[in-house]
Each structure stands twice: as structure tokens, then as C-alpha cells.
Amino acid sequence: VFTVDVSDGDSGAAGVQGPQSASVAVYAGDHTGNATASVLASNTFAYDAATGRVSVAGVLQWHVQARYWAEITAEDGAGVTTTAVREIAVEDTNDHAPQFSDTQLSFHIAENYVGAFATIPFSDLDAPENSKARFTIVANNANNIFTVSDEGVLAATVPLDHEYDSQYFLIVSIEDALDAALGSSLVFVYVNVDNVQDEAPIFVGGTARVSLNLTETPDGQADPLLFTVLARFRAVDPDHDSDGDGVADGGDSPLAPSLRFGFVGGVEGTGSD
């Protein structure tokens, strides 16, 4: 890593005797450069007093410890000491594959929306310059309805219809963009299409025909047909009905029903076919 060179203006027994007069203690430090004296990295580095060389004695991992501090103390024959500090920075290599934070994820998107709607979280133990990922949707993406960027941003390419399909199931892979040989991993992604009010109600059963037999009442009495139910009409709204039975039954995001009926026109009948 580096070599310790010790010199002294004094000579003889009062002076220093080269690297043999020095001791080296290496401490761990955090990524901001602050020394943490409580962590002595005695098994990570070695000091050869005969040559003054400080060398690596163990395995260094950037994601475990990115910076160390070497405290070098030299003492001459008169007992006078001096101390110097040397920084040891560990350079990262791309040796970790990116990993998904979970094995299963669930996201929501409003129907008819086109564009980015979620970000798939992942982690990489390497330094930022080596943390480059490549995402791929490997299954259940017919017609490329969804895309995913290398930042994990999931997007819809076409408007989705809740009434047609309220949930999609995707399998997404991730690998190291700089070295695919490091391996890959998978995540299961559920995309839930949220319902919005975008469907018109429709009548069930087609046209209804009602026949009435009207009679006059004597003495000005009320016609017995007044307030009599003549027909019942049934209508359904796909936005309020998750399974098509005409009832907002609490399925996949049915909206509260709110239908209004009214007359928009008609033709008076004569009673004959």
C-alpha cells in the first residue's frame, strides 16, 4: 500500500533506526473520511518493520469499508515521538449483481392512464459508478403493454381498461448492465388497474312493451291505474359492477352506483298492432 520512511536529524543512539523505530496502527473510517478509532483493522493490513512496507493482509470490500486511516508513530532513542496519518482509500470493483428489494411487488394504475406509474426498488453493493442495472420484462407482456427502464421505472404504453382486465401479472428480471455474468434475479409484479368512471350504463333486456286497458271511472273517482307500476327497467353500469350481474358487489374496485332514469321521448299507442 505504501512504505514508511523515517529520518532524524540526530545520529547515533539518540536518532531513529529507520523503519524499525516506527509502529503502524490502521483504523477503519467511514465514507465521509472520519476516523473510527474504536475499530482497529489489525488483521486487514500488515506492517513489515524491516522494510517499512504496509501491505494488505486480508480481503478488502468497498461496500464493507471504503476508507481506512493509518496512524504511524516513530520514536527515537531519546524517547521523542512523532505521529503522521495516512489515508487508505479502497477502490471498488464491479463484483456484485443488483438485487431486487422484494420477491413480489404490487402497484396500482388508473385505467386509461398512459405513462410511468411505478418504480421497482433494487439495491447494488457496488459503488455508484458500478451500480448499473438492466431490467427486462420476461413474461406476461403480450403486445408490449408495459415497459421498464434501466432505472426500474414501470410504464404503460397503452390505455388500460379495468372492465376488460383489472390485474396484470408480470415477471421482471434484473442483471448487472456492466457484467451480466454476475447473475440475475426475478421479481413478480402485480399491476392493479383501478376503476374510474368512464362507462355509460346500459339497459338489460332490450325494449319493454307495456299494454294498458284504460276505463273511465264514475263519479270522478281516481283512475285505479294511478300510481300503478307499469313496468320495471333494469340497467347496469360496467363501472359499478365487477362481475356483470348488475350489482356493485364489492369486487375489483366497483364504484358506488348512481343511475338516473328519465323519459327522453316516446310515441302514443292506439292499442292496435
# chains A, B, ... in the order shown; residues from 1 in each chain; ligands from 1
call {"tool": "residues_around", "arguments": {"residues": "segment 108-117 of chain A", "least_positions_apart": "6", "cutoff": "8 Å", "atoms": "only C-alpha atoms", "output": "compact mmCIF listing (two decimals) with N, CA, C and O atoms, in the first residue's frame"}}
result
# COMPACT_ATOMS: atom_id res chain seq x y z
N VAL A 153 -38.17 2.04 -13.80
CA VAL A 153 -39.43 2.77 -13.93
C VAL A 153 -40.37 1.98 -14.84
O VAL A 153 -40.07 1.71 -16.00
N LEU A 154 -41.52 1.61 -14.27
CA LEU A 154 -42.52 0.83 -14.99
C LEU A 154 -43.55 1.77 -15.61
O LEU A 154 -44.03 2.69 -14.94
N ALA A 155 -43.87 1.54 -16.89
CA ALA A 155 -44.79 2.44 -17.59
C ALA A 155 -45.76 1.63 -18.44
O ALA A 155 -45.46 0.52 -18.89
N ALA A 156 -46.96 2.21 -18.64
CA ALA A 156 -47.96 1.63 -19.53
C ALA A 156 -47.86 2.32 -20.88
O ALA A 156 -47.76 3.55 -20.95
N THR A 157 -47.89 1.54 -21.96
CA THR A 157 -47.75 2.11 -23.30
C THR A 157 -49.09 2.36 -23.96
O THR A 157 -49.15 3.09 -24.96
N VAL A 158 -50.15 1.77 -23.43
CA VAL A 158 -51.49 1.94 -24.00
C VAL A 158 -52.47 2.13 -22.85
O VAL A 158 -52.19 1.73 -21.71
N PRO A 159 -53.64 2.73 -23.11
CA PRO A 159 -54.64 2.86 -22.05
C PRO A 159 -55.14 1.47 -21.62
O PRO A 159 -55.41 0.60 -22.45
N LEU A 160 -55.26 1.27 -20.33
CA LEU A 160 -55.74 0.00 -19.78
C LEU A 160 -57.21 0.14 -19.39
O LEU A 160 -57.64 1.20 -18.93
N ASP A 161 -57.96 -0.95 -19.56
CA ASP A 161 -59.39 -0.94 -19.29
C ASP A 161 -59.68 -1.86 -18.10
O ASP A 161 -59.48 -3.07 -18.18
N HIS A 162 -60.13 -1.27 -17.01
CA HIS A 162 -60.43 -2.05 -15.81
C HIS A 162 -61.50 -3.09 -16.08
O HIS A 162 -61.42 -4.22 -15.56
N VAL A 191 -49.83 -5.67 -11.35
CA VAL A 191 -50.28 -4.33 -11.72
C VAL A 191 -51.80 -4.31 -11.63
O VAL A 191 -52.50 -5.01 -12.38
N ASN A 192 -52.32 -3.55 -10.69
CA ASN A 192 -53.77 -3.45 -10.46
C ASN A 192 -54.31 -2.22 -11.18
O ASN A 192 -53.85 -1.09 -10.94
N VAL A 193 -55.27 -2.44 -12.05
CA VAL A 193 -55.87 -1.35 -12.82
C VAL A 193 -57.07 -0.82 -12.04
O VAL A 193 -58.08 -1.52 -11.86
N ASP A 194 -56.95 0.40 -11.54
CA ASP A 194 -58.02 0.99 -10.72
C ASP A 194 -59.16 1.50 -11.60
O ASP A 194 -58.93 2.09 -12.67
N ASN A 195 -60.35 1.31 -11.12
CA ASN A 195 -61.55 1.70 -11.86
C ASN A 195 -61.75 3.21 -11.81
O ASN A 195 -61.54 3.85 -10.77
N VAL A 196 -62.18 3.78 -12.93
CA VAL A 196 -62.60 5.18 -12.98
C VAL A 196 -63.94 5.23 -13.71
O VAL A 196 -64.32 4.29 -14.42
call {"tool": "closest_residue", "arguments": {"among": "A:Thr3, A:Gln61, A:Thr73, A:Thr119", "to": "Ala46 of chain A", "atoms": "only C-alpha atoms"}}
result
A:Thr3
call {"tool": "select_by_dssp", "arguments": {"residues": "segment 13-206 of chain A", "states": "strand (DSSP E or B)", "output": "PyMOL selection string"}}
result
chain A and resi 22-29+35-40+45-48+53-56+67-75+81-89+99-100+104-110+115-119+122-123+133-139+146-148+153-156+167-176+184-194+202-204
call {"tool": "residues_around", "arguments": {"residues": "Leu170 of chain A", "least_positions_apart": "4", "cutoff": "12 Å", "atoms": "only C-alpha atoms", "output": "MDAnalysis selection string"}}
result
chainID A and resid 104:107 136:142 144:148 154 186:192
call {"tool": "closest_residue", "arguments": {"among": "A:Ala89, A:Ala127, A:Val172, A:Val54", "to": "Ser149 of chain A", "atoms": "only C-alpha atoms"}}
result
A:Val172
call {"tool": "residues_around", "arguments": {"residues": "Gly52 of chain A", "least_positions_apart": "4", "cutoff": "7 Å", "atoms": "only C-alpha atoms", "output": "MDAnalysis selection string"}}
result
chainID A and resid 3:5 19 47:48
call {"tool": "write_last_selection", "arguments": {"atoms": "all heavy atoms", "output": "short mmCIF file (atom, residue, chain, number, x, y, z; two decimals), in the first residue's frame"}}
result
data_model
loop_
_atom_site.label_atom_id
_atom_site.label_comp_id
_atom_site.auth_asym_id
_atom_site.auth_seq_id
_atom_site.Cartn_x
_atom_site.Cartn_y
_atom_site.Cartn_z
N THR A 3 5.01 2.76 1.80
CA THR A 3 6.23 2.44 2.55
C THR A 3 6.52 3.57 3.52
O THR A 3 6.46 4.76 3.17
CB THR A 3 7.42 2.26 1.60
OG1 THR A 3 7.14 1.18 0.69
CG2 THR A 3 8.69 1.93 2.38
N VAL A 4 6.85 3.19 4.75
CA VAL A 4 7.17 4.16 5.80
C VAL A 4 8.66 4.49 5.71
O VAL A 4 9.52 3.60 5.67
CB VAL A 4 6.84 3.59 7.19
CG1 VAL A 4 7.29 4.57 8.28
CG2 VAL A 4 5.34 3.30 7.30
N ASP A 5 8.94 5.77 5.65
CA ASP A 5 10.34 6.25 5.63
C ASP A 5 10.53 7.18 6.83
O ASP A 5 9.85 8.19 6.94
CB ASP A 5 10.62 6.98 4.32
CG ASP A 5 12.06 7.43 4.21
OD1 ASP A 5 12.89 6.90 4.96
OD2 ASP A 5 12.35 8.31 3.37
N PRO A 19 12.90 2.24 9.67
CA PRO A 19 11.53 1.75 9.88
C PRO A 19 11.34 0.97 11.17
O PRO A 19 10.22 0.89 11.69
CB PRO A 19 11.30 0.85 8.66
CG PRO A 19 12.27 1.33 7.63
CD PRO A 19 13.47 1.80 8.39
N TYR A 47 2.34 -4.57 8.78
CA TYR A 47 3.49 -3.67 8.68
C TYR A 47 4.76 -4.48 8.86
O TYR A 47 4.93 -5.21 9.84
CB TYR A 47 3.41 -2.57 9.74
CG TYR A 47 4.62 -1.67 9.77
CD1 TYR A 47 4.99 -0.95 8.65
CD2 TYR A 47 5.40 -1.55 10.93
CE1 TYR A 47 6.11 -0.13 8.65
CE2 TYR A 47 6.52 -0.73 10.95
CZ TYR A 47 6.86 -0.03 9.81
OH TYR A 47 7.97 0.78 9.82
N ASP A 48 5.66 -4.35 7.89
CA ASP A 48 6.96 -5.01 7.92
C ASP A 48 8.00 -3.99 8.39
O ASP A 48 8.39 -3.10 7.63
CB ASP A 48 7.32 -5.56 6.54
CG ASP A 48 8.59 -6.39 6.55
OD1 ASP A 48 9.32 -6.35 7.56
OD2 ASP A 48 8.87 -7.05 5.54
#
call {"tool": "atom_distance", "arguments": {"atom1": "atom CA of Ala28 of chain A", "atom2": "atom CA of Val64 of chain A"}}
result
10.2 Å
call {"tool": "decode", "arguments": {"residues": "segment 150-189 of chain A", "atoms": "N, CA and C atoms", "output": "short mmCIF file (atom, residue, chain, number, x, y, z; two decimals), in the first residue's frame"}}
result
data_model
loop_
_atom_site.label_atom_id
_atom_site.label_comp_id
_atom_site.auth_asym_id
_atom_site.auth_seq_id
_atom_site.Cartn_x
_atom_site.Cartn_y
_atom_site.Cartn_z
N ASP A 150 -34.05 1.09 -17.39
CA ASP A 150 -32.91 0.58 -16.62
C ASP A 150 -32.81 1.23 -15.25
N GLU A 151 -33.68 2.16 -14.96
CA GLU A 151 -33.79 2.71 -13.60
C GLU A 151 -34.93 2.05 -12.85
N GLY A 152 -35.60 1.08 -13.48
CA GLY A 152 -36.68 0.37 -12.83
C GLY A 152 -38.03 1.05 -12.92
N VAL A 153 -38.17 2.04 -13.80
CA VAL A 153 -39.43 2.77 -13.93
C VAL A 153 -40.37 1.98 -14.84
N LEU A 154 -41.52 1.61 -14.27
CA LEU A 154 -42.52 0.83 -14.99
C LEU A 154 -43.55 1.77 -15.61
N ALA A 155 -43.87 1.54 -16.89
CA ALA A 155 -44.79 2.44 -17.59
C ALA A 155 -45.76 1.63 -18.44
N ALA A 156 -46.96 2.21 -18.64
CA ALA A 156 -47.96 1.63 -19.53
C ALA A 156 -47.86 2.32 -20.88
N THR A 157 -47.89 1.54 -21.96
CA THR A 157 -47.75 2.11 -23.30
C THR A 157 -49.09 2.36 -23.96
N VAL A 158 -50.15 1.77 -23.43
CA VAL A 158 -51.49 1.94 -24.00
C VAL A 158 -52.47 2.13 -22.85
N PRO A 159 -53.64 2.73 -23.11
CA PRO A 159 -54.64 2.86 -22.05
C PRO A 159 -55.14 1.47 -21.62
N LEU A 160 -55.26 1.27 -20.33
CA LEU A 160 -55.74 0.00 -19.78
C LEU A 160 -57.21 0.14 -19.39
N ASP A 161 -57.96 -0.95 -19.56
CA ASP A 161 -59.39 -0.94 -19.29
C ASP A 161 -59.68 -1.86 -18.10
N HIS A 162 -60.13 -1.27 -17.01
CA HIS A 162 -60.43 -2.05 -15.81
C HIS A 162 -61.50 -3.09 -16.08
N GLU A 163 -62.50 -2.74 -16.89
CA GLU A 163 -63.59 -3.67 -17.15
C GLU A 163 -63.12 -4.85 -18.01
N TYR A 164 -62.07 -4.65 -18.78
CA TYR A 164 -61.53 -5.74 -19.62
C TYR A 164 -60.58 -6.62 -18.83
N ASP A 165 -59.68 -6.01 -18.08
CA ASP A 165 -58.73 -6.76 -17.27
C ASP A 165 -58.29 -5.87 -16.11
N SER A 166 -58.61 -6.28 -14.91
CA SER A 166 -58.34 -5.43 -13.74
C SER A 166 -56.98 -5.69 -13.10
N GLN A 167 -56.29 -6.73 -13.55
CA GLN A 167 -54.98 -7.01 -12.96
C GLN A 167 -54.08 -7.72 -13.98
N TYR A 168 -52.79 -7.30 -13.98
CA TYR A 168 -51.79 -7.94 -14.83
C TYR A 168 -50.70 -8.51 -13.92
N PHE A 169 -50.13 -9.61 -14.36
CA PHE A 169 -49.07 -10.27 -13.61
C PHE A 169 -47.83 -10.33 -14.49
N LEU A 170 -46.77 -9.63 -14.07
CA LEU A 170 -45.53 -9.56 -14.85
C LEU A 170 -44.40 -10.24 -14.09
N ILE A 171 -43.46 -10.77 -14.83
CA ILE A 171 -42.21 -11.27 -14.25
C ILE A 171 -41.08 -10.42 -14.81
N VAL A 172 -40.34 -9.79 -13.92
CA VAL A 172 -39.29 -8.85 -14.31
C VAL A 172 -37.94 -9.37 -13.81
N SER A 173 -36.94 -9.29 -14.66
CA SER A 173 -35.58 -9.70 -14.27
C SER A 173 -34.68 -8.48 -14.18
N ILE A 174 -33.62 -8.64 -13.41
CA ILE A 174 -32.61 -7.59 -13.29
C ILE A 174 -31.24 -8.25 -13.37
N GLU A 175 -30.31 -7.59 -14.06
CA GLU A 175 -28.94 -8.07 -14.15
C GLU A 175 -28.00 -6.88 -14.18
N ASP A 176 -26.72 -7.14 -13.97
CA ASP A 176 -25.71 -6.09 -13.99
C ASP A 176 -25.49 -5.66 -15.44
N ALA A 177 -25.68 -4.38 -15.71
CA ALA A 177 -25.54 -3.88 -17.08
C ALA A 177 -24.09 -3.89 -17.55
N LEU A 178 -23.13 -3.91 -16.61
CA LEU A 178 -21.72 -3.89 -16.97
C LEU A 178 -21.14 -5.29 -17.08
N ASP A 179 -21.76 -6.25 -16.38
CA ASP A 179 -21.25 -7.61 -16.40
C ASP A 179 -22.40 -8.58 -16.10
N ALA A 180 -23.05 -9.05 -17.16
CA ALA A 180 -24.20 -9.93 -16.99
C ALA A 180 -23.82 -11.25 -16.35
N ALA A 181 -22.53 -11.61 -16.42
CA ALA A 181 -22.08 -12.88 -15.84
C ALA A 181 -22.21 -12.90 -14.32
N LEU A 182 -22.42 -11.75 -13.68
CA LEU A 182 -22.58 -11.70 -12.23
C LEU A 182 -23.89 -12.33 -11.79
N GLY A 183 -24.80 -12.55 -12.73
CA GLY A 183 -26.05 -13.21 -12.39
C GLY A 183 -27.25 -12.28 -12.47
N SER A 184 -28.42 -12.85 -12.31
CA SER A 184 -29.66 -12.09 -12.38
C SER A 184 -30.64 -12.60 -11.33
N SER A 185 -31.70 -11.84 -11.11
CA SER A 185 -32.75 -12.25 -10.19
C SER A 185 -34.09 -11.82 -10.74
N LEU A 186 -35.17 -12.38 -10.19
CA LEU A 186 -36.52 -12.13 -10.68
C LEU A 186 -37.39 -11.53 -9.59
N VAL A 187 -38.42 -10.81 -10.02
CA VAL A 187 -39.44 -10.31 -9.11
C VAL A 187 -40.79 -10.46 -9.80
N PHE A 188 -41.81 -10.85 -9.01
CA PHE A 188 -43.17 -10.95 -9.52
C PHE A 188 -43.88 -9.62 -9.26
N VAL A 189 -44.45 -9.05 -10.31
CA VAL A 189 -45.07 -7.72 -10.22
C VAL A 189 -46.55 -7.83 -10.59
#
